[in-house]
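Here the structure comes first, spelled out in structure tokens, and everything after it is commentary.
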Amino acid sequence: MSLGGKKPGAPSIRQFRSGDPMDEKESNRTWECLKHAIHQIHEHNASSLSFEELYRNAYNLVLHKYGELLYNGVQGVVADHLKGVAQSCIECPDDRLLDELKKQWDDHKTTMVMIRDILMYMDRNFVTQYKKVPVYEMGLVIFREKVSGHPRVKSHLLTLLLDNITAERRGEQVDRILLKHTLNMLVELGVQGKNVYRECFEDPFLDHTRKFYQDESKQYISQNPCSDYLKKAEKRIREEKARVENYLHESTMEKIEELCDEEWISVHYKTLIHMENSGCAWMFQCDKIEDLERMYLLFSRVPISLKEIQKVMMDCMCEAGREVLNDPEKVKDPVSFITAILSLKQKFDRFVKESFKESKDFQLALKQAFESFLNKDTRTAQYLSLYVDDQFRKGLRGMSNDADVDAALEQVVTVFRFLQDKDVFENFYKQHLARRLLTGRSVSDEAERSMISKLKSECGHQYTSKLEGMFQDMKLSEDIMKQYKNSFASPSLARGMAPRTGTTPAMSSSIDLKVSVLTSGFWPGPPGSPCELPPEVQDCCSRFETFYLAKHTGRKLYWQPQHGLADIKAQMPKTKHELNVTTYQMCILMLFNQHVTLTYKDLQVRSNIPLEELKRHLMSLYVNPKAKILVRRDPDKEKKDPEDSDQFMVNPQFESKLMRIKVPLVQLRGETNLTAEGTDAAGSADVPATVEEDRKHLVEAVIVRVMKSRKTLEHNQLVMEVTRHLTSRFQPAPTLIKQRIEKLIEREYLERSNADRRVYNYLA
């Protein structure tokens, strides 16, 4: 900057050559010139100065070892100037203090930049050599001590800042730009190891904020429901974050968020979660997805609070599950029962997905809750199989595409995953699948295979090997029947595991037979007792047996009439009908081709049907009013069970508008019907005897397998290993494992160690 016109009274500046020696008098005169220049800068007359000349004078002072004089002199001049600035701030009215500080601070920074430029050589040499505070920072320190740190200015400034923030929290408009400028000033004054922003503002601000939100949150939670409180907390946290972004320093963000989390959430989260008629349980009951999402996002800031939400969610799920388990209407209907379970699962799946953002912890809590109430007994495993049976017989019929079918089956697998008694499900599933395959009542073989594939993915090949074997048997049986029909000029038609025949009281000469050849190890149930088939049917069976054994040497066929069905044409006294009956019912009815009346004892002798089966199938022919094919002469109205002397005959009054009539089987007392239409109302919770027996063998097999590989194992370790291996099928009780260990010791597969009786050794 060029030197302007010299003002009256200004000291003259003589050119000083740096090579000449400088005495004390010359140094004082040079300093006075610099001092006058600094005064001119403070008075905003910098345009009249030559900065090049001023720089040279400062350079000469430092060069001739008068740096201390220059440094102390500048410090004193700046300090004297800022004393006047402090006084002007003290005398300024409160409503103008922030503006006055802004003005003085901006002016001070500008003047200190100019002074620093003049003294740049001193900064680079003297200040560095003697470890002094650089000129610009020295100006900040003096401003901090004389102006912002003045007791009266400091207290008024803090009060004004906090009052403005409180007013903004009440919804009033404040000058954010001015606040930001003031707080930035405090940040910039934090030099030489002193945090002015924290000491003069942040700490008091956080204390003030804590008190403010303590009072507000307590008052708000006492007067408002949980959902409104969450909205208020969300709004306050958002406001504080915006406040930091707008005019507070970024270092405050973490502290203010932690404070808000503590006062709005940590202190009150249990009260909020358990608040009556608006808390977490109420939200689950009333499907308040948005409110739960807000609660989750807020409480995620305090992770420990999420554990309480998970606990409430599990309690709500278990309570809803118990209501389903104890609902007498649903207990009577497996389809309704499982549908309710699926609806409950879908409801809480939605909470986990939408409200809790698919949190792994909430997914685990959902899984644990469902496992808790679904495995109280074996009912769910039984009912799930009945539900699947209903779906394959009726439920899937109305689905238009494969995607819908797959979705329906996936729902079943979802419940299946929660079951511990997977072997109980398998036991019932095999029975229902066998019935569907043998009667041809499944909606879709492709869907059946898809279901087995899903079960295989869940539990492995061993779990579904018998189910797959059943399908393989049905496919081979179709091929066998094609070969059998091609071996006759007049091909025979077959249906059912036992023969399915067409016959009437006036016997038809044509009998169509379908035989399913089943591998005994794949199919459920013990072998049935043979019965006395009608001669015509027996002749067809003998021809098939001769054909089959000629093609497969070394095999043996056992006929299973209890699984068979028959379509017979019946000329009733008034009308003709086609009756769909079981093989046993066919044997009973065919006897009436040769006899008008037969006693119960006669039927036993002539049919050779097992007594319980005879009673059940005979009663089905005369008890059901819609299919009353036979009548009992002089019946005792008080009893339905037949006695040896009771006489039966074809019902002469039988009439029906239906040409084809299916005769349903009655359910005897104490007998559990494994169909969805007539489930045992008691909902048996016992493990079937066959499953219990299979479990014993399975536990022993696993024990031997583990011990064979480990050779020696302590009791508790063996129990843990066996449990781990069997979890995919069922949860074995430690007592069961202990019993099977004892049995294996008796049979000399294992032995106890002589050194420690709790250690077992494997015997090869």
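Labeling convention for the structure tokens: chains A, B, ... as they appear, residues from 1 per chain, ligands from 1 in order of appearance.
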query = Which neighbours of range 637-654 of chain A fall inside 6 Å, counting only C-alpha atoms, when residues of the same chain fewer than 5 positions from it are skipped, and could you give them as a PyMOL selection string?
reply = chain A and resi 573+596-601+629-632
Please dump the current selection as a short mmCIF file (atom, residue, chain, number, x, y, z; two decimals), in the first residue's frame; keep C-alpha atoms.
data_model
loop_
_atom_site.label_atom_id
_atom_site.label_comp_id
_atom_site.auth_asym_id
_atom_site.auth_seq_id
_atom_site.Cartn_x
_atom_site.Cartn_y
_atom_site.Cartn_z
CA PRO A 573 -85.46 -101.97 -4.44
CA VAL A 596 -81.86 -111.71 2.08
CA THR A 597 -80.97 -111.41 5.77
CA LEU A 598 -77.81 -112.08 7.71
CA THR A 599 -77.05 -111.86 11.41
CA TYR A 600 -74.07 -110.02 12.79
CA LYS A 601 -72.58 -113.39 13.70
CA ILE A 629 -77.99 -99.04 2.56
CA LEU A 630 -78.80 -101.74 5.17
CA VAL A 631 -81.35 -101.84 7.96
CA ARG A 632 -81.35 -103.75 11.21
#
For Ala381 in chain A, list every protein, DNA or RNA residue within 8 Å, evaluated using only C-alpha atoms, and leave out those in the same chain fewer than 3 positions away; present the list as an mmCIF file with C-alpha atoms, in the first residue's frame.
data_model
loop_
_atom_site.group_PDB
_atom_site.id
_atom_site.type_symbol
_atom_site.label_atom_id
_atom_site.label_comp_id
_atom_site.auth_asym_id
_atom_site.auth_seq_id
_atom_site.Cartn_x
_atom_site.Cartn_y
_atom_site.Cartn_z
ATOM 1 C CA THR A 378 -47.709 -82.394 19.904
ATOM 2 C CA LEU A 384 -50.326 -79.060 10.712
ATOM 3 C CA SER A 385 -50.377 -82.431 8.962
ATOM 4 C CA PHE A 416 -42.989 -76.550 10.378
ATOM 5 C CA LEU A 419 -41.827 -77.527 15.471
ATOM 6 C CA ASP A 421 -41.640 -82.730 17.217
ATOM 7 C CA LYS A 422 -40.884 -83.004 13.518
ATOM 8 C CA VAL A 424 -44.637 -86.552 15.009
ATOM 9 C CA PHE A 425 -45.502 -84.423 11.981
#
Please provide as a CSV table (one decimal) with N, CA and C atoms, in the first residue's frame all residues within 7 Å of Ala233 in chain A, with the sequence filter that same-chain residues fewer than 4 positions apart are discarded (counting only C-alpha atoms).
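result_6.csv written:
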chain,number,residue,atom,x,y,z
A,229,TYR,N,-46.2,-39.0,22.9
A,229,TYR,CA,-44.9,-38.7,23.5
A,229,TYR,C,-43.8,-39.0,22.6
A,237,ILE,N,-35.7,-34.2,19.3
A,237,ILE,CA,-34.3,-34.6,18.9
A,237,ILE,C,-34.0,-34.1,17.5
A,264,TRP,N,-35.2,-38.2,27.1
A,264,TRP,CA,-36.4,-38.5,26.5
A,264,TRP,C,-36.7,-40.0,26.4
Please return, as a PDB file with N, CA and C atoms, in the first residue's frame, all residues of range 552-635 of chain A that DSSP assigns to strand (DSSP E) on the basis of the backbone.
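Ended up saving to states-v2.pdb:
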ATOM      1  N   LEU A 565     -60.621 -99.420  -1.817  1.00  0.00           N
ATOM      2  CA  LEU A 565     -61.927 -98.824  -2.092  1.00  0.00           C
ATOM      3  C   LEU A 565     -62.577 -99.594  -3.227  1.00  0.00           C
ATOM      4  N   ALA A 566     -63.878 -99.457  -3.317  1.00  0.00           N
ATOM      5  CA  ALA A 566     -64.606-100.139  -4.402  1.00  0.00           C
ATOM      6  C   ALA A 566     -65.763 -99.291  -4.857  1.00  0.00           C
ATOM      7  N   ASP A 567     -65.999 -99.281  -6.152  1.00  0.00           N
ATOM      8  CA  ASP A 567     -67.221 -98.708  -6.733  1.00  0.00           C
ATOM      9  C   ASP A 567     -68.095 -99.875  -7.159  1.00  0.00           C
ATOM     10  N   ILE A 568     -69.254 -99.994  -6.550  1.00  0.00           N
ATOM     11  CA  ILE A 568     -70.145-101.109  -6.901  1.00  0.00           C
ATOM     12  C   ILE A 568     -71.482-100.564  -7.380  1.00  0.00           C
ATOM     13  N   LYS A 569     -72.011-101.211  -8.398  1.00  0.00           N
ATOM     14  CA  LYS A 569     -73.323-100.825  -8.908  1.00  0.00           C
ATOM     15  C   LYS A 569     -74.378-101.639  -8.175  1.00  0.00           C
ATOM     16  N   ALA A 570     -75.315-100.926  -7.583  1.00  0.00           N
ATOM     17  CA  ALA A 570     -76.322-101.589  -6.745  1.00  0.00           C
ATOM     18  C   ALA A 570     -77.717-101.324  -7.284  1.00  0.00           C
ATOM     19  N   GLN A 571     -78.457-102.422  -7.512  1.00  0.00           N
ATOM     20  CA  GLN A 571     -79.874-102.304  -7.875  1.00  0.00           C
ATOM     21  C   GLN A 571     -80.667-102.352  -6.582  1.00  0.00           C
ATOM     22  N   LYS A 576     -81.478 -97.362  -8.908  1.00  0.00           N
ATOM     23  CA  LYS A 576     -80.122 -97.845  -9.150  1.00  0.00           C
ATOM     24  C   LYS A 576     -79.135 -96.768  -8.687  1.00  0.00           C
ATOM     25  N   HIS A 577     -78.029 -97.234  -8.101  1.00  0.00           N
ATOM     26  CA  HIS A 577     -77.008 -96.303  -7.623  1.00  0.00           C
ATOM     27  C   HIS A 577     -75.629 -96.904  -7.819  1.00  0.00           C
ATOM     28  N   GLU A 578     -74.642 -96.012  -7.820  1.00  0.00           N
ATOM     29  CA  GLU A 578     -73.246 -96.450  -7.768  1.00  0.00           C
ATOM     30  C   GLU A 578     -72.718 -96.059  -6.402  1.00  0.00           C
ATOM     31  N   LEU A 579     -72.298 -97.066  -5.654  1.00  0.00           N
ATOM     32  CA  LEU A 579     -71.848 -96.844  -4.276  1.00  0.00           C
ATOM     33  C   LEU A 579     -70.333 -96.839  -4.215  1.00  0.00           C
ATOM     34  N   ASN A 580     -69.806 -95.796  -3.592  1.00  0.00           N
ATOM     35  CA  ASN A 580     -68.362 -95.732  -3.339  1.00  0.00           C
ATOM     36  C   ASN A 580     -68.132 -96.172  -1.895  1.00  0.00           C
ATOM     37  N   VAL A 581     -67.523 -97.352  -1.716  1.00  0.00           N
ATOM     38  CA  VAL A 581     -67.383 -97.956  -0.389  1.00  0.00           C
ATOM     39  C   VAL A 581     -65.960 -98.470  -0.205  1.00  0.00           C
ATOM     40  N   THR A 582     -65.656 -98.881   1.040  1.00  0.00           N
ATOM     41  CA  THR A 582     -64.363 -99.512   1.307  1.00  0.00           C
ATOM     42  C   THR A 582     -64.424-100.972   0.889  1.00  0.00           C
ATOM     43  N   THR A 597     -81.341-111.915   4.442  1.00  0.00           N
ATOM     44  CA  THR A 597     -80.972-111.406   5.771  1.00  0.00           C
ATOM     45  C   THR A 597     -79.760-112.175   6.287  1.00  0.00           C
ATOM     46  N   LEU A 598     -78.980-111.465   7.081  1.00  0.00           N
ATOM     47  CA  LEU A 598     -77.811-112.075   7.714  1.00  0.00           C
ATOM     48  C   LEU A 598     -77.672-111.497   9.116  1.00  0.00           C
ATOM     49  N   THR A 599     -77.288-112.351  10.049  1.00  0.00           N
ATOM     50  CA  THR A 599     -77.047-111.857  11.407  1.00  0.00           C
ATOM     51  C   THR A 599     -75.622-111.300  11.486  1.00  0.00           C
ATOM     52  N   LEU A 630     -78.259-100.583   4.449  1.00  0.00           N
ATOM     53  CA  LEU A 630     -78.803-101.738   5.170  1.00  0.00           C
ATOM     54  C   LEU A 630     -79.697-101.256   6.313  1.00  0.00           C
ATOM     55  N   VAL A 631     -80.548-102.129   6.769  1.00  0.00           N
ATOM     56  CA  VAL A 631     -81.346-101.840   7.959  1.00  0.00           C
ATOM     57  C   VAL A 631     -81.224-103.018   8.912  1.00  0.00           C
ATOM     58  N   ARG A 632     -81.366-102.717  10.182  1.00  0.00           N
ATOM     59  CA  ARG A 632     -81.346-103.754  11.208  1.00  0.00           C
ATOM     60  C   ARG A 632     -82.792-104.037  11.599  1.00  0.00           C
TER      61      ARG A 632
END
inquiry  = I'd like to know which of A:Tyr296, A:Trp523, A:Phe284, A:Phe730 is closest to Met317 in chain A, using only C-alpha atoms.
reply    = A:Phe284
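Between Gln562 in chain A and the candidates A:Glu329, A:Glu612, A:Glu655, A:Glu751, the tightest atom-to-atom separation, counting only C-alpha atoms, involves A:Glu612.
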task = Quick one: everything within 10 Å of Lys218 in chain A, counting only C-alpha atoms, minus sequence neighbours fewer than 4 positions away in the same chain. Send it as JSON, numbers by chain.
result = {"A": [213, 214, 222, 223, 263, 264, 267, 268]}
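Once Phe428 in chain A and its same-chain neighbours fewer than 4 positions away are set aside, Ala381, Gln382, Tyr383, Leu384, Ser385, Leu386, Asp389, Asp423, Val424, His432, Leu433, Ala434, Pro524, Leu674, Pro688 and Val691 of chain A remain within 10 Å of it when counting only C-alpha atoms.
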With N, CA and C atoms kept, could you save the residues just selected as a PDB file, in the first residue's frame?
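See selection_37.pdb below for the written result:
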ATOM      1  N   ALA A 381     -48.106 -80.249  15.662  1.00  0.00           N
ATOM      2  CA  ALA A 381     -47.554 -81.151  14.656  1.00  0.00           C
ATOM      3  C   ALA A 381     -48.659 -81.982  14.002  1.00  0.00           C
ATOM      4  N   GLN A 382     -49.597 -82.466  14.811  1.00  0.00           N
ATOM      5  CA  GLN A 382     -50.703 -83.252  14.268  1.00  0.00           C
ATOM      6  C   GLN A 382     -51.602 -82.391  13.383  1.00  0.00           C
ATOM      7  N   TYR A 383     -51.955 -81.203  13.901  1.00  0.00           N
ATOM      8  CA  TYR A 383     -52.894 -80.346  13.175  1.00  0.00           C
ATOM      9  C   TYR A 383     -52.281 -79.786  11.901  1.00  0.00           C
ATOM     10  N   LEU A 384     -50.968 -79.561  11.924  1.00  0.00           N
ATOM     11  CA  LEU A 384     -50.326 -79.060  10.712  1.00  0.00           C
ATOM     12  C   LEU A 384     -50.409 -80.107   9.605  1.00  0.00           C
ATOM     13  N   SER A 385     -50.239 -81.367   9.958  1.00  0.00           N
ATOM     14  CA  SER A 385     -50.377 -82.431   8.962  1.00  0.00           C
ATOM     15  C   SER A 385     -51.806 -82.508   8.440  1.00  0.00           C
ATOM     16  N   LEU A 386     -52.783 -82.358   9.341  1.00  0.00           N
ATOM     17  CA  LEU A 386     -54.190 -82.346   8.913  1.00  0.00           C
ATOM     18  C   LEU A 386     -54.479 -81.147   8.017  1.00  0.00           C
ATOM     19  N   ASP A 389     -53.123 -81.909   4.669  1.00  0.00           N
ATOM     20  CA  ASP A 389     -54.007 -82.874   4.027  1.00  0.00           C
ATOM     21  C   ASP A 389     -55.223 -82.179   3.420  1.00  0.00           C
ATOM     22  N   ASP A 423     -40.745 -85.365  14.036  1.00  0.00           N
ATOM     23  CA  ASP A 423     -41.029 -86.771  13.755  1.00  0.00           C
ATOM     24  C   ASP A 423     -42.514 -87.088  13.937  1.00  0.00           C
ATOM     25  N   VAL A 424     -43.190 -86.370  14.845  1.00  0.00           N
ATOM     26  CA  VAL A 424     -44.637 -86.552  15.009  1.00  0.00           C
ATOM     27  C   VAL A 424     -45.353 -86.071  13.754  1.00  0.00           C
ATOM     28  N   HIS A 432     -51.480 -89.487   6.126  1.00  0.00           N
ATOM     29  CA  HIS A 432     -52.362 -88.714   5.250  1.00  0.00           C
ATOM     30  C   HIS A 432     -51.927 -88.809   3.791  1.00  0.00           C
ATOM     31  N   LEU A 433     -50.609 -88.780   3.573  1.00  0.00           N
ATOM     32  CA  LEU A 433     -50.111 -88.901   2.210  1.00  0.00           C
ATOM     33  C   LEU A 433     -50.481 -90.271   1.627  1.00  0.00           C
ATOM     34  N   ALA A 434     -50.337 -91.319   2.446  1.00  0.00           N
ATOM     35  CA  ALA A 434     -50.699 -92.662   1.980  1.00  0.00           C
ATOM     36  C   ALA A 434     -52.167 -92.707   1.565  1.00  0.00           C
ATOM     37  N   PRO A 524     -46.965 -96.458   6.102  1.00  0.00           N
ATOM     38  CA  PRO A 524     -47.258 -96.490   7.540  1.00  0.00           C
ATOM     39  C   PRO A 524     -48.253 -97.586   7.899  1.00  0.00           C
ATOM     40  N   LEU A 674     -58.388 -89.206  11.840  1.00  0.00           N
ATOM     41  CA  LEU A 674     -57.291 -88.398  11.327  1.00  0.00           C
ATOM     42  C   LEU A 674     -57.667 -87.678  10.046  1.00  0.00           C
ATOM     43  N   PRO A 688     -47.580 -90.281  19.560  1.00  0.00           N
ATOM     44  CA  PRO A 688     -48.063 -91.607  19.158  1.00  0.00           C
ATOM     45  C   PRO A 688     -47.078 -92.701  19.562  1.00  0.00           C
ATOM     46  N   VAL A 691     -44.309 -93.451  17.196  1.00  0.00           N
ATOM     47  CA  VAL A 691     -43.248 -92.439  17.207  1.00  0.00           C
ATOM     48  C   VAL A 691     -42.340 -92.643  18.418  1.00  0.00           C
TER      49      VAL A 691
END
ask   = In Å, how far is it from CA of Leu763 in chain A to CA of Gln717 in chain A?
value =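 Separation of CA of Leu763 in chain A and CA of Gln717 in chain A: 18.0 Å.
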Nearest residue to Asp228 in chain A from the set A:Leu374, A:Met185, A:Val113, A:Met295 (distances using only C-alpha atoms) =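 Comparing A:Leu374, A:Met185, A:Val113, A:Met295 against Asp228 in chain A, the winner is A:Met295.
The coordinates place CA of Met122 in chain A at 7.3 Å from CA of Ala58 in chain A.
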Polymer residues at most 12 Å from Gln483 in chain A, only C-alpha atoms, same-chain spacing of 2 or more positions, as a ChimeraX atom specification = /A:476-481,485-488,491-493,544,547-548,551
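With CA of Ala701 in chain A on one side and CA of Gln420 in chain A on the other, the separation reads 19.4 Å.
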key: Residue contacts of Val133 in chain A (12 Å, only C-alpha atoms) excluding same-chain residues fewer than 4 positions away, as a list in words   = Tyr71, Asn72, Gln75, Arg116, Met122, Asp123, Arg124, Phe126, Val127, Thr128, Gln129, Glu137, Met138, Gly139, Leu140, Val141, Ile142, Val191, Gln192 and Gly193 of chain A
